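Pasting data-v1.pdb here (PDB, C-alpha atoms, pLDDT in the B column):
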```pdb
ATOM      1  CA  MET X   1      -2.279   7.756 -23.676  1.00 46.00           C
ATOM      2  CA  PRO X   2      -4.330  10.993 -23.426  1.00 47.00           C
ATOM      3  CA  ALA X   3      -2.482  14.254 -22.904  1.00 51.00           C
ATOM      4  CA  ALA X   4      -2.359  15.361 -19.286  1.00 51.00           C
ATOM      5  CA  MET X   5      -4.507  18.336 -18.309  1.00 47.00           C
ATOM      6  CA  PRO X   6      -2.456  21.527 -17.802  1.00 51.00           C
ATOM      7  CA  GLU X   7      -1.405  21.978 -14.188  1.00 50.00           C
ATOM      8  CA  THR X   8      -3.274  25.323 -14.008  1.00 53.00           C
ATOM      9  CA  THR X   9      -6.667  23.825 -14.910  1.00 74.00           C
ATOM     10  CA  ARG X  10      -6.584  20.404 -13.261  1.00 74.00           C
ATOM     11  CA  PRO X  11      -8.293  20.178  -9.828  1.00 90.00           C
ATOM     12  CA  PRO X  12      -5.892  19.533  -6.943  1.00 95.00           C
ATOM     13  CA  ILE X  13      -4.957  15.885  -6.475  1.00 97.00           C
ATOM     14  CA  GLN X  14      -4.399  14.304  -3.069  1.00 97.00           C
ATOM     15  CA  LEU X  15      -2.692  10.955  -2.548  1.00 98.00           C
ATOM     16  CA  LEU X  16      -3.563   9.058   0.637  1.00 98.00           C
ATOM     17  CA  CYS X  17      -1.107   6.226   1.296  1.00 98.00           C
ATOM     18  CA  MET X  18      -1.713   3.116   3.399  1.00 98.00           C
ATOM     19  CA  HIS X  19       1.405   1.307   4.588  1.00 98.00           C
ATOM     20  CA  GLY X  20       2.085  -2.389   4.934  1.00 98.00           C
ATOM     21  CA  ALA X  21       2.226  -4.551   8.049  1.00 98.00           C
ATOM     22  CA  GLY X  22       5.073  -3.829  10.432  1.00 98.00           C
ATOM     23  CA  ALA X  23       5.839  -0.530   8.727  1.00 98.00           C
ATOM     24  CA  GLY X  24       4.482   3.017   8.861  1.00 98.00           C
ATOM     25  CA  GLY X  25       3.814   6.023   6.711  1.00 98.00           C
ATOM     26  CA  TRP X  26       7.591   6.443   6.500  1.00 98.00           C
ATOM     27  CA  GLU X  27       7.792   3.698   3.858  1.00 98.00           C
ATOM     28  CA  TRP X  28       6.136   6.084   1.374  1.00 98.00           C
ATOM     29  CA  ALA X  29       8.849   8.762   1.791  1.00 98.00           C
ATOM     30  CA  ILE X  30      10.306   8.350  -1.707  1.00 98.00           C
ATOM     31  CA  TRP X  31       6.891   8.282  -3.355  1.00 98.00           C
ATOM     32  CA  SER X  32       5.875  11.332  -1.320  1.00 98.00           C
ATOM     33  CA  ARG X  33       8.807  13.349  -2.652  1.00 98.00           C
ATOM     34  CA  VAL X  34       8.127  12.292  -6.238  1.00 98.00           C
ATOM     35  CA  PHE X  35       4.373  12.964  -6.127  1.00 98.00           C
ATOM     36  CA  THR X  36       4.852  16.278  -4.314  1.00 98.00           C
ATOM     37  CA  ALA X  37       7.322  17.391  -6.983  1.00 98.00           C
ATOM     38  CA  ARG X  38       4.596  16.772  -9.578  1.00 97.00           C
ATOM     39  CA  GLY X  39       2.078  18.900  -7.668  1.00 96.00           C
ATOM     40  CA  VAL X  40       0.217  16.120  -5.831  1.00 97.00           C
ATOM     41  CA  GLN X  41      -0.543  16.569  -2.134  1.00 97.00           C
ATOM     42  CA  VAL X  42       0.443  13.483  -0.103  1.00 98.00           C
ATOM     43  CA  ARG X  43      -0.650  12.095   3.257  1.00 97.00           C
ATOM     44  CA  ALA X  44       0.822   8.903   4.677  1.00 98.00           C
ATOM     45  CA  PRO X  45      -0.511   8.385   8.233  1.00 98.00           C
ATOM     46  CA  ASP X  46       0.459   5.551  10.566  1.00 98.00           C
ATOM     47  CA  LEU X  47      -2.002   2.824  11.498  1.00 98.00           C
ATOM     48  CA  VAL X  48      -2.189   2.479  15.278  1.00 98.00           C
ATOM     49  CA  ALA X  49      -3.231  -0.271  17.668  1.00 98.00           C
ATOM     50  CA  ALA X  50      -6.770  -0.358  19.003  1.00 97.00           C
ATOM     51  CA  ARG X  51      -7.363   0.929  22.533  1.00 96.00           C
ATOM     52  CA  SER X  52      -7.506  -2.679  23.726  1.00 96.00           C
ATOM     53  CA  GLY X  53      -3.940  -3.242  22.566  1.00 98.00           C
ATOM     54  CA  LEU X  54      -2.055  -4.540  19.548  1.00 98.00           C
ATOM     55  CA  ALA X  55      -2.891  -8.200  20.216  1.00 97.00           C
ATOM     56  CA  ALA X  56      -6.613  -7.366  20.110  1.00 98.00           C
ATOM     57  CA  THR X  57      -6.369  -5.172  17.006  1.00 98.00           C
ATOM     58  CA  CYS X  58      -8.202  -6.657  14.033  1.00 98.00           C
ATOM     59  CA  PHE X  59      -8.518  -5.859  10.343  1.00 98.00           C
ATOM     60  CA  ALA X  60     -11.768  -3.990  10.982  1.00 98.00           C
ATOM     61  CA  ASP X  61      -9.974  -1.654  13.417  1.00 98.00           C
ATOM     62  CA  TYR X  62      -7.447  -0.720  10.748  1.00 98.00           C
ATOM     63  CA  ARG X  63     -10.173  -0.376   8.141  1.00 98.00           C
ATOM     64  CA  GLN X  64     -12.069   2.046  10.373  1.00 97.00           C
ATOM     65  CA  GLN X  65      -8.927   4.135  10.803  1.00 97.00           C
ATOM     66  CA  VAL X  66      -8.546   4.357   7.039  1.00 97.00           C
ATOM     67  CA  ARG X  67     -12.225   5.271   6.733  1.00 96.00           C
ATOM     68  CA  ASN X  68     -11.737   8.032   9.321  1.00 96.00           C
ATOM     69  CA  TRP X  69      -8.806   9.449   7.338  1.00 95.00           C
ATOM     70  CA  ILE X  70     -11.224   9.927   4.451  1.00 93.00           C
ATOM     71  CA  GLY X  71     -14.254  11.035   6.467  1.00 72.00           C
ATOM     72  CA  PRO X  72     -15.857  14.481   6.812  1.00 61.00           C
ATOM     73  CA  ASP X  73     -13.216  15.604   9.326  1.00 56.00           C
ATOM     74  CA  ALA X  74     -10.298  14.621   7.080  1.00 61.00           C
ATOM     75  CA  ASP X  75      -7.687  17.210   6.177  1.00 58.00           C
ATOM     76  CA  ASP X  76      -8.701  17.494   2.539  1.00 62.00           C
ATOM     77  CA  THR X  77      -8.612  20.354   0.061  1.00 71.00           C
ATOM     78  CA  PRO X  78     -12.157  21.169  -1.116  1.00 72.00           C
ATOM     79  CA  GLY X  79     -12.695  19.926  -4.656  1.00 83.00           C
ATOM     80  CA  ALA X  80      -9.541  17.822  -4.678  1.00 91.00           C
ATOM     81  CA  LEU X  81      -9.393  14.530  -6.533  1.00 96.00           C
ATOM     82  CA  ARG X  82      -8.508  11.840  -4.008  1.00 97.00           C
ATOM     83  CA  VAL X  83      -6.271   8.946  -5.000  1.00 98.00           C
ATOM     84  CA  LEU X  84      -5.775   6.003  -2.648  1.00 98.00           C
ATOM     85  CA  ALA X  85      -2.552   3.995  -2.609  1.00 98.00           C
ATOM     86  CA  GLY X  86      -1.834   0.915  -0.524  1.00 98.00           C
ATOM     87  CA  ALA X  87       1.001  -1.545  -0.201  1.00 98.00           C
ATOM     88  CA  SER X  88       0.625  -5.146   0.966  1.00 98.00           C
ATOM     89  CA  LEU X  89      -1.822  -5.100   3.914  1.00 98.00           C
ATOM     90  CA  GLY X  90      -2.378  -1.423   3.119  1.00 98.00           C
ATOM     91  CA  GLY X  91      -3.361  -2.404  -0.404  1.00 98.00           C
ATOM     92  CA  LEU X  92      -6.124  -4.635   0.893  1.00 98.00           C
ATOM     93  CA  LEU X  93      -7.237  -1.881   3.275  1.00 98.00           C
ATOM     94  CA  ALA X  94      -7.395   0.622   0.419  1.00 98.00           C
ATOM     95  CA  LEU X  95      -9.335  -1.808  -1.762  1.00 98.00           C
ATOM     96  CA  SER X  96     -11.734  -2.615   1.082  1.00 98.00           C
ATOM     97  CA  VAL X  97     -12.890   1.010   1.434  1.00 98.00           C
ATOM     98  CA  ALA X  98     -12.622   2.129  -2.186  1.00 98.00           C
ATOM     99  CA  ALA X  99     -16.143   1.251  -3.357  1.00 97.00           C
ATOM    100  CA  GLU X 100     -17.551   3.140  -0.371  1.00 96.00           C
ATOM    101  CA  VAL X 101     -15.418   6.286  -0.530  1.00 96.00           C
ATOM    102  CA  ARG X 102     -15.197   6.428  -4.344  1.00 96.00           C
ATOM    103  CA  PRO X 103     -11.668   7.686  -4.986  1.00 97.00           C
ATOM    104  CA  ALA X 104     -10.717   9.163  -8.327  1.00 97.00           C
ATOM    105  CA  ALA X 105      -8.116   6.414  -8.735  1.00 98.00           C
ATOM    106  CA  LEU X 106      -6.544   3.540  -6.815  1.00 98.00           C
ATOM    107  CA  ILE X 107      -2.958   2.263  -6.763  1.00 98.00           C
ATOM    108  CA  LEU X 108      -2.248  -1.177  -5.282  1.00 98.00           C
ATOM    109  CA  VAL X 109       1.368  -2.211  -4.660  1.00 98.00           C
ATOM    110  CA  ASN X 110       1.791  -5.955  -4.047  1.00 98.00           C
ATOM    111  CA  PRO X 111      -1.587  -5.963  -2.268  1.00 98.00           C
ATOM    112  CA  MET X 112      -2.707  -8.793  -0.038  1.00 97.00           C
ATOM    113  CA  PRO X 113      -5.508 -10.262  -2.168  1.00 96.00           C
ATOM    114  CA  PRO X 114      -9.176 -10.167  -1.174  1.00 96.00           C
ATOM    115  CA  ALA X 115     -11.415 -13.201  -0.886  1.00 93.00           C
ATOM    116  CA  LEU X 116     -12.123 -15.110  -4.123  1.00 85.00           C
ATOM    117  CA  ILE X 117      -8.644 -14.487  -5.505  1.00 86.00           C
ATOM    118  CA  LEU X 118      -6.928 -17.865  -5.770  1.00 66.00           C
ATOM    119  CA  PRO X 119      -4.636 -19.323  -4.690  1.00 67.00           C
ATOM    120  CA  ARG X 120      -4.853 -17.988  -1.176  1.00 69.00           C
ATOM    121  CA  LEU X 121      -1.721 -16.920   0.649  1.00 72.00           C
ATOM    122  CA  SER X 122      -0.266 -19.712   2.761  1.00 73.00           C
ATOM    123  CA  GLY X 123       1.917 -19.982   5.852  1.00 77.00           C
ATOM    124  CA  GLU X 124       1.914 -20.795   9.536  1.00 85.00           C
ATOM    125  CA  PRO X 125      -0.712 -19.040  11.698  1.00 89.00           C
ATOM    126  CA  TYR X 126       0.463 -15.688  13.012  1.00 95.00           C
ATOM    127  CA  PRO X 127       1.082 -15.247  16.758  1.00 96.00           C
ATOM    128  CA  GLU X 128      -0.973 -12.659  18.645  1.00 97.00           C
ATOM    129  CA  ILE X 129       1.783 -10.122  18.116  1.00 98.00           C
ATOM    130  CA  VAL X 130       4.293 -10.445  15.290  1.00 98.00           C
ATOM    131  CA  ARG X 131       7.536  -9.126  16.808  1.00 98.00           C
ATOM    132  CA  TRP X 132       8.955  -7.477  13.716  1.00 97.00           C
ATOM    133  CA  GLY X 133      10.001  -4.400  15.677  1.00 97.00           C
ATOM    134  CA  GLU X 134      11.206  -6.051  18.866  1.00 97.00           C
ATOM    135  CA  GLN X 135      13.190  -8.752  17.044  1.00 97.00           C
ATOM    136  CA  ARG X 136      14.386  -6.705  14.074  1.00 97.00           C
ATOM    137  CA  SER X 137      17.944  -7.023  12.831  1.00 98.00           C
ATOM    138  CA  ILE X 138      19.932  -5.361  10.098  1.00 97.00           C
ATOM    139  CA  ALA X 139      20.703  -8.774   8.603  1.00 98.00           C
ATOM    140  CA  GLY X 140      17.021  -9.662   8.502  1.00 97.00           C
ATOM    141  CA  THR X 141      16.212  -6.295   6.959  1.00 98.00           C
ATOM    142  CA  ARG X 142      18.722  -6.865   4.194  1.00 97.00           C
ATOM    143  CA  ARG X 143      17.193 -10.284   3.494  1.00 97.00           C
ATOM    144  CA  VAL X 144      13.745  -8.800   2.920  1.00 96.00           C
ATOM    145  CA  MET X 145      15.151  -5.823   0.982  1.00 98.00           C
ATOM    146  CA  PRO X 146      17.613  -7.410  -1.472  1.00 97.00           C
ATOM    147  CA  ASP X 147      16.964  -4.679  -4.032  1.00 98.00           C
ATOM    148  CA  ALA X 148      17.649  -1.794  -1.625  1.00 98.00           C
ATOM    149  CA  ASP X 149      20.901  -0.028  -0.819  1.00 98.00           C
ATOM    150  CA  ASP X 150      22.520   0.093   2.620  1.00 97.00           C
ATOM    151  CA  ALA X 151      21.038   3.487   3.473  1.00 98.00           C
ATOM    152  CA  ALA X 152      17.493   2.302   2.749  1.00 98.00           C
ATOM    153  CA  CYS X 153      18.044  -0.875   4.764  1.00 98.00           C
ATOM    154  CA  LEU X 154      19.248   1.139   7.752  1.00 98.00           C
ATOM    155  CA  PHE X 155      16.322   3.556   7.359  1.00 98.00           C
ATOM    156  CA  ALA X 156      13.833   0.675   7.457  1.00 98.00           C
ATOM    157  CA  PHE X 157      15.665  -1.278  10.175  1.00 98.00           C
ATOM    158  CA  ARG X 158      15.295   1.633  12.589  1.00 98.00           C
ATOM    159  CA  ARG X 159      11.548   1.890  11.962  1.00 98.00           C
ATOM    160  CA  TRP X 160      10.052  -1.630  11.749  1.00 98.00           C
ATOM    161  CA  ARG X 161       7.313  -2.128  14.325  1.00 98.00           C
ATOM    162  CA  ASP X 162       5.462  -5.044  15.872  1.00 98.00           C
ATOM    163  CA  GLU X 163       2.207  -6.002  14.162  1.00 98.00           C
ATOM    164  CA  SER X 164      -1.157  -7.487  15.042  1.00 98.00           C
ATOM    165  CA  GLY X 165      -1.271 -11.176  14.208  1.00 98.00           C
ATOM    166  CA  ALA X 166      -5.071 -11.112  14.239  1.00 97.00           C
ATOM    167  CA  ALA X 167      -5.243  -8.413  11.563  1.00 98.00           C
ATOM    168  CA  LEU X 168      -2.785 -10.303   9.378  1.00 97.00           C
ATOM    169  CA  GLU X 169      -4.541 -13.636   9.871  1.00 95.00           C
ATOM    170  CA  GLN X 170      -7.931 -12.156   8.994  1.00 95.00           C
ATOM    171  CA  ALA X 171      -6.456 -10.572   5.877  1.00 96.00           C
ATOM    172  CA  ARG X 172      -4.788 -13.806   4.818  1.00 93.00           C
ATOM    173  CA  ARG X 173      -7.968 -15.853   5.290  1.00 90.00           C
ATOM    174  CA  GLY X 174      -9.796 -13.528   2.935  1.00 90.00           C
ATOM    175  CA  VAL X 175     -11.637 -10.219   3.206  1.00 95.00           C
ATOM    176  CA  THR X 176     -14.646  -9.735   0.975  1.00 95.00           C
ATOM    177  CA  VAL X 177     -14.502  -6.483  -0.989  1.00 96.00           C
ATOM    178  CA  GLU X 178     -16.504  -4.698  -3.646  1.00 96.00           C
ATOM    179  CA  PHE X 179     -14.397  -3.509  -6.560  1.00 97.00           C
ATOM    180  CA  PRO X 180     -14.642   0.256  -7.154  1.00 97.00           C
ATOM    181  CA  GLN X 181     -15.600   1.882 -10.435  1.00 96.00           C
ATOM    182  CA  CYS X 182     -12.464   3.965 -10.902  1.00 98.00           C
ATOM    183  CA  PRO X 183      -9.104   3.599 -12.662  1.00 98.00           C
ATOM    184  CA  ILE X 184      -6.936   1.057 -10.823  1.00 98.00           C
ATOM    185  CA  LEU X 185      -3.233   0.354 -11.171  1.00 98.00           C
ATOM    186  CA  VAL X 186      -1.803  -2.881  -9.762  1.00 98.00           C
ATOM    187  CA  LEU X 187       1.982  -3.045  -9.382  1.00 98.00           C
ATOM    188  CA  ALA X 188       3.430  -6.510  -8.782  1.00 98.00           C
ATOM    189  CA  SER X 189       7.042  -7.314  -7.905  1.00 98.00           C
ATOM    190  CA  GLU X 190       8.645 -10.116  -9.873  1.00 98.00           C
ATOM    191  CA  ARG X 191      10.597 -11.345  -6.817  1.00 97.00           C
ATOM    192  CA  ASP X 192       7.785 -11.014  -4.282  1.00 97.00           C
ATOM    193  CA  THR X 193       7.694 -14.099  -2.051  1.00 93.00           C
ATOM    194  CA  ASP X 194       4.897 -12.731   0.181  1.00 94.00           C
ATOM    195  CA  VAL X 195       2.304 -11.919  -2.482  1.00 95.00           C
ATOM    196  CA  PRO X 196       3.324 -13.751  -5.678  1.00 95.00           C
ATOM    197  CA  ALA X 197       3.029 -11.708  -8.842  1.00 97.00           C
ATOM    198  CA  HIS X 198       0.532 -14.101 -10.417  1.00 95.00           C
ATOM    199  CA  VAL X 199      -1.854 -13.442  -7.505  1.00 95.00           C
ATOM    200  CA  SER X 200      -1.673  -9.693  -8.133  1.00 97.00           C
ATOM    201  CA  ARG X 201      -2.149 -10.309 -11.843  1.00 97.00           C
ATOM    202  CA  GLU X 202      -5.347 -12.261 -11.164  1.00 96.00           C
ATOM    203  CA  LEU X 203      -6.598  -9.427  -8.968  1.00 97.00           C
ATOM    204  CA  ALA X 204      -5.915  -6.963 -11.782  1.00 97.00           C
ATOM    205  CA  VAL X 205      -7.882  -9.112 -14.227  1.00 97.00           C
ATOM    206  CA  ARG X 206     -10.805  -9.456 -11.807  1.00 95.00           C
ATOM    207  CA  CYS X 207     -11.106  -5.714 -11.156  1.00 96.00           C
ATOM    208  CA  GLY X 208     -10.229  -4.520 -14.658  1.00 97.00           C
ATOM    209  CA  ALA X 209      -7.055  -2.784 -13.518  1.00 98.00           C
ATOM    210  CA  ASP X 210      -3.966  -1.730 -15.384  1.00 98.00           C
ATOM    211  CA  PHE X 211      -1.162  -4.118 -14.434  1.00 98.00           C
ATOM    212  CA  GLU X 212       2.599  -3.752 -14.376  1.00 98.00           C
ATOM    213  CA  LEU X 213       5.145  -6.409 -13.456  1.00 98.00           C
ATOM    214  CA  LEU X 214       8.199  -4.864 -11.803  1.00 98.00           C
ATOM    215  CA  ALA X 215      11.237  -6.861 -12.867  1.00 97.00           C
ATOM    216  CA  GLY X 216      13.729  -7.647 -10.132  1.00 96.00           C
ATOM    217  CA  CYS X 217      11.713  -6.032  -7.331  1.00 98.00           C
ATOM    218  CA  SER X 218      11.099  -7.546  -3.899  1.00 98.00           C
ATOM    219  CA  HIS X 219       7.918  -7.195  -1.839  1.00 98.00           C
ATOM    220  CA  VAL X 220       8.951  -3.805  -0.449  1.00 98.00           C
ATOM    221  CA  GLY X 221      11.158  -2.851  -3.397  1.00 98.00           C
ATOM    222  CA  PRO X 222       8.616  -0.569  -5.147  1.00 98.00           C
ATOM    223  CA  LEU X 223       8.662   1.722  -2.099  1.00 98.00           C
ATOM    224  CA  LEU X 224      12.137   1.228  -0.623  1.00 98.00           C
ATOM    225  CA  GLY X 225      14.340  -0.339  -3.312  1.00 98.00           C
ATOM    226  CA  VAL X 226      16.831   1.335  -5.616  1.00 98.00           C
ATOM    227  CA  ARG X 227      14.127   1.657  -8.301  1.00 98.00           C
ATOM    228  CA  ALA X 228      11.526   3.190  -5.970  1.00 98.00           C
ATOM    229  CA  GLY X 229      11.909   6.711  -7.354  1.00 98.00           C
ATOM    230  CA  HIS X 230      11.556   5.494 -10.943  1.00 98.00           C
ATOM    231  CA  ILE X 231       8.497   3.417 -10.064  1.00 98.00           C
ATOM    232  CA  ALA X 232       6.936   6.381  -8.251  1.00 98.00           C
ATOM    233  CA  GLU X 233       7.513   8.537 -11.334  1.00 98.00           C
ATOM    234  CA  ARG X 234       5.661   6.001 -13.462  1.00 98.00           C
ATOM    235  CA  ALA X 235       2.856   5.834 -10.908  1.00 98.00           C
ATOM    236  CA  VAL X 236       2.359   9.602 -10.750  1.00 98.00           C
ATOM    237  CA  SER X 237       2.435   9.799 -14.561  1.00 98.00           C
ATOM    238  CA  TRP X 238      -0.287   7.130 -14.638  1.00 98.00           C
ATOM    239  CA  VAL X 239      -2.378   9.152 -12.165  1.00 98.00           C
ATOM    240  CA  LEU X 240      -2.007  12.385 -14.089  1.00 97.00           C
ATOM    241  CA  SER X 241      -2.875  10.725 -17.393  1.00 97.00           C
ATOM    242  CA  ARG X 242      -5.890   8.839 -16.032  1.00 96.00           C
ATOM    243  CA  LEU X 243      -7.269  11.944 -14.284  1.00 96.00           C
ATOM    244  CA  ALA X 244      -6.736  14.249 -17.266  1.00 88.00           C
TER     245      ALA X 244
END
```
Translate the structure of the given file into C-alpha cells.
Amino acid sequence: MPAAMPETTRPPIQLLCMHGAGAGGWEWAIWSRVFTARGVQVRAPDLVAARSGLAATCFADYRQQVRNWIGPDADDTPGALRVLAGASLGGLLALSVAAEVRPAALILVNPMPPALILPRLSGEPYPEIVRWGEQRSIAGTRRVMPDADDAACLFAFRRWRDESGAALEQARRGVTVEFPQCPILVLASERDTDVPAHVSRELAVRCGADFELLAGCSHVGPLLGVRAGHIAERAVSWVLSRLA
C-alpha cells in the first residue's frame, strides 16, 4: 500500500454520505467522528420527500437531491477531493451519480445493486409508504441490529422514519448505472439478509472495486454496530491511501 501523503500537502478531502432507506444522516454519526478526527470534512444530509408527498417520491427524486448536494451551489471547499459514501439505498444513489460527478473515490456499504447484477433482490412488493417510523419498536430495532449495543439500538429506534415504497421498488427492480473511473471500496456484511454479501461481491467484480467482507456484521452493522468505529477507521485509511 502506498504511503499516505503528508497531511500538510494533501488537498482537503470531503466525504459526502448518503443514508439508507428509513434512516437519515444520523446513521453516519460514528463514521463522521472517525473521518473528522483524520482531517476529512464530512456532510451527511437527510433525503426528504418530494413536494407531492412521500408516497409519490421516486428514486429519481432522491437522485436529484443527491445531485444537488454536489452541484455548483454545494457547500464545498475549493480544490477539495470529494469522496462519496452510500449505504444500502444510499449506496445505489451514490453509484448512480458517480460517473457524472466524478468523485475522487467511492465507498459502498451493503449497496442495493444496480441492474445487471444477479440475482436480483427479492421480496413482496412495497406498499406506497413503508411505515418504518410509525410502526417502529425497540424489539424490532434489536432484531435488525443484532451486532449493536443497547445504546445504539435506542439511538436508531428514536430516529427511524417512514420511507417511499415507490423509491424502494424502483431500486429493487434495477437501476441502470454507469460505473465511474475512480477507486471504489465495497464493504459487504457477512450476516446481511437484505443485500447478501455475494451480491455485493459480484458488484465489486463488475466495477473493479476493492472488496471487504465484514465478518459477523448485519446490514446496518458497519454504521451502527459495535464494530462501526473500527470499520470506519479502515475505510478512512483506505481513502487516505488511495488518494495519496
* Asked: Which residues come within 9 Å of Ala56 of chain X, counting only C-alpha atoms, excluding same-chain residues fewer than 2 positions away, as a list of chain:residue names?
  ->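 Close residues of Ala56 of chain X: X:Ala49, X:Ala50, X:Arg51, X:Ser52, X:Gly53, X:Leu54, X:Cys58, X:Glu128, X:Ser164, X:Gly165, X:Ala166, X:Ala167.
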* Please provide the set of residues having any atom within 8 Å of segment 196-204 of chain X, restricted to all atoms listed in the file, with same-chain residues fewer than 6 positions apart removed, written as a list in words. =>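 Non-adjacent residues within range: Asn110, Pro111, Pro113, Ile117, Leu118, Pro119, Leu185, Val186, Leu187, Ala188, Ser189, Glu190, Asp210, Phe211 and Leu213 of chain X.
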* Asked: So, counting only C-alpha atoms, which residue among X:Gly91, X:Pro45, X:Gly79, X:Gly225 is closest to Ala156 of chain X?
  ->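 Nearest candidate to Ala156 of chain X out of X:Gly91, X:Pro45, X:Gly79, X:Gly225: X:Gly225.
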* Applied to this file, what does the PyMOL selection byres ((chain X and resi 69) around 12) return in terms of residues, put as a list in words? ->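 Against this file, the PyMOL selection byres ((chain X and resi 69) around 12) returns the residues Leu15, Leu16, Cys17, Met18, Arg43, Ala44, Pro45, Asp46, Leu47, Tyr62, Arg63, Gln64, Gln65, Val66, Arg67, Asn68, Ile70, Gly71, Pro72, Asp73, Ala74, Asp75, Asp76, Arg82, Leu84, Ala94, Val97 and Val101 of chain X.
The result of the PyMOL selection byres ((chain X and resi 178) around 6) on the shown file is X:Ala99, X:Val177, X:Phe179.
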What does the file look like for those residues with C-alpha atoms, as a PDB file, keeping the file's coordinate frame?
```
ATOM      1  CA  ALA X  99     -16.143   1.251  -3.357  1.00 97.00           C
ATOM      2  CA  VAL X 177     -14.502  -6.483  -0.989  1.00 96.00           C
ATOM      3  CA  PHE X 179     -14.397  -3.509  -6.560  1.00 97.00           C
TER       4      PHE X 179
END
```
* To do: Evaluate the PyMOL selection byres ((chain X and resi 102) around 8) and record the selected residues as a VMD selection string, following the chain and residue labels used in the document.
  => chain X and resid 98 to 101 103 to 104 180 to 182
* Spatial neighbours of Cys153 of chain X, max dist 7 Å, only C-alpha atoms, sep filter under 5 positions, as a PyMOL selection string -> chain X and resi 141-142+145+148
* To do: Tell me which of X:Glu212, X:Thr176, X:Phe155, X:Glu163 sits closest to Gln135 of chain X, counting only C-alpha atoms.
  =>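 Smallest distance to Gln135 of chain X is found for X:Glu163.
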* **Minimum-distance residue to Leu240 of chain X, chosen among X:Gly25, X:Gly208, X:Pro222, X:Pro183 (using all atoms listed in the file)** =>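 Residue with the minimum atom-to-atom distance to Leu240 of chain X: X:Pro183.
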* To do: Would you mind listing what lies within 7 Å of Gly133 of chain X as a ChimeraX atom specification, with all atoms listed in the file counted and same-chain residues fewer than 3 positions away left out?
  => /X:136,160-162
* Asked: X:Ala115, X:Leu154, X:Ala80, X:Val130: which is nearest Arg173 of chain X, counting all atoms listed in the file?
  -> X:Ala115
Could segment 155-166 of chain X be completed with N, CA, C and O atoms and returned as an mmCIF file, in the frame of the given file?
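As a result, selection.cif now contains:
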```cif
data_model
loop_
_atom_site.group_PDB
_atom_site.id
_atom_site.type_symbol
_atom_site.label_atom_id
_atom_site.label_comp_id
_atom_site.auth_asym_id
_atom_site.auth_seq_id
_atom_site.Cartn_x
_atom_site.Cartn_y
_atom_site.Cartn_z
ATOM 1 N N PHE X 155 17.521 2.734 7.149
ATOM 2 C CA PHE X 155 16.322 3.556 7.359
ATOM 3 C C PHE X 155 15.152 2.684 7.810
ATOM 4 O O PHE X 155 14.450 3.009 8.774
ATOM 5 N N ALA X 156 14.941 1.566 7.118
ATOM 6 C CA ALA X 156 13.833 0.675 7.457
ATOM 7 C C ALA X 156 14.089 -0.058 8.768
ATOM 8 O O ALA X 156 13.182 -0.194 9.608
ATOM 9 N N PHE X 157 15.311 -0.541 8.959
ATOM 10 C CA PHE X 157 15.665 -1.278 10.175
ATOM 11 C C PHE X 157 15.310 -0.488 11.431
ATOM 12 O O PHE X 157 14.805 -1.040 12.410
ATOM 13 N N ARG X 158 15.553 0.799 11.413
ATOM 14 C CA ARG X 158 15.295 1.633 12.589
ATOM 15 C C ARG X 158 13.812 1.873 12.841
ATOM 16 O O ARG X 158 13.440 2.369 13.907
ATOM 17 N N ARG X 159 12.963 1.508 11.878
ATOM 18 C CA ARG X 159 11.548 1.890 11.962
ATOM 19 C C ARG X 159 10.565 0.728 11.969
ATOM 20 O O ARG X 159 9.367 0.950 12.186
ATOM 21 N N TRP X 160 11.005 -0.514 11.703
ATOM 22 C CA TRP X 160 10.052 -1.630 11.749
ATOM 23 C C TRP X 160 9.328 -1.643 13.092
ATOM 24 O O TRP X 160 9.915 -1.329 14.123
ATOM 25 N N ARG X 161 8.095 -2.063 13.090
ATOM 26 C CA ARG X 161 7.313 -2.128 14.325
ATOM 27 C C ARG X 161 6.655 -3.491 14.450
ATOM 28 O O ARG X 161 6.518 -4.231 13.461
ATOM 29 N N ASP X 162 6.230 -3.824 15.669
ATOM 30 C CA ASP X 162 5.462 -5.044 15.872
ATOM 31 C C ASP X 162 4.099 -4.886 15.191
ATOM 32 O O ASP X 162 3.621 -3.773 14.963
ATOM 33 N N GLU X 163 3.473 -6.038 14.887
ATOM 34 C CA GLU X 163 2.207 -6.002 14.162
ATOM 35 C C GLU X 163 1.194 -6.951 14.792
ATOM 36 O O GLU X 163 1.551 -7.926 15.458
ATOM 37 N N SER X 164 -0.059 -6.655 14.558
ATOM 38 C CA SER X 164 -1.157 -7.487 15.042
ATOM 39 C C SER X 164 -1.255 -8.773 14.226
ATOM 40 O O SER X 164 -1.490 -8.724 13.012
ATOM 41 N N GLY X 165 -1.105 -9.912 14.892
ATOM 42 C CA GLY X 165 -1.271 -11.176 14.208
ATOM 43 C C GLY X 165 -2.708 -11.411 13.778
ATOM 44 O O GLY X 165 -2.960 -12.012 12.726
ATOM 45 N N ALA X 166 -3.656 -10.922 14.576
ATOM 46 C CA ALA X 166 -5.071 -11.112 14.239
ATOM 47 C C ALA X 166 -5.421 -10.391 12.943
ATOM 48 O O ALA X 166 -6.118 -10.943 12.077
#
```
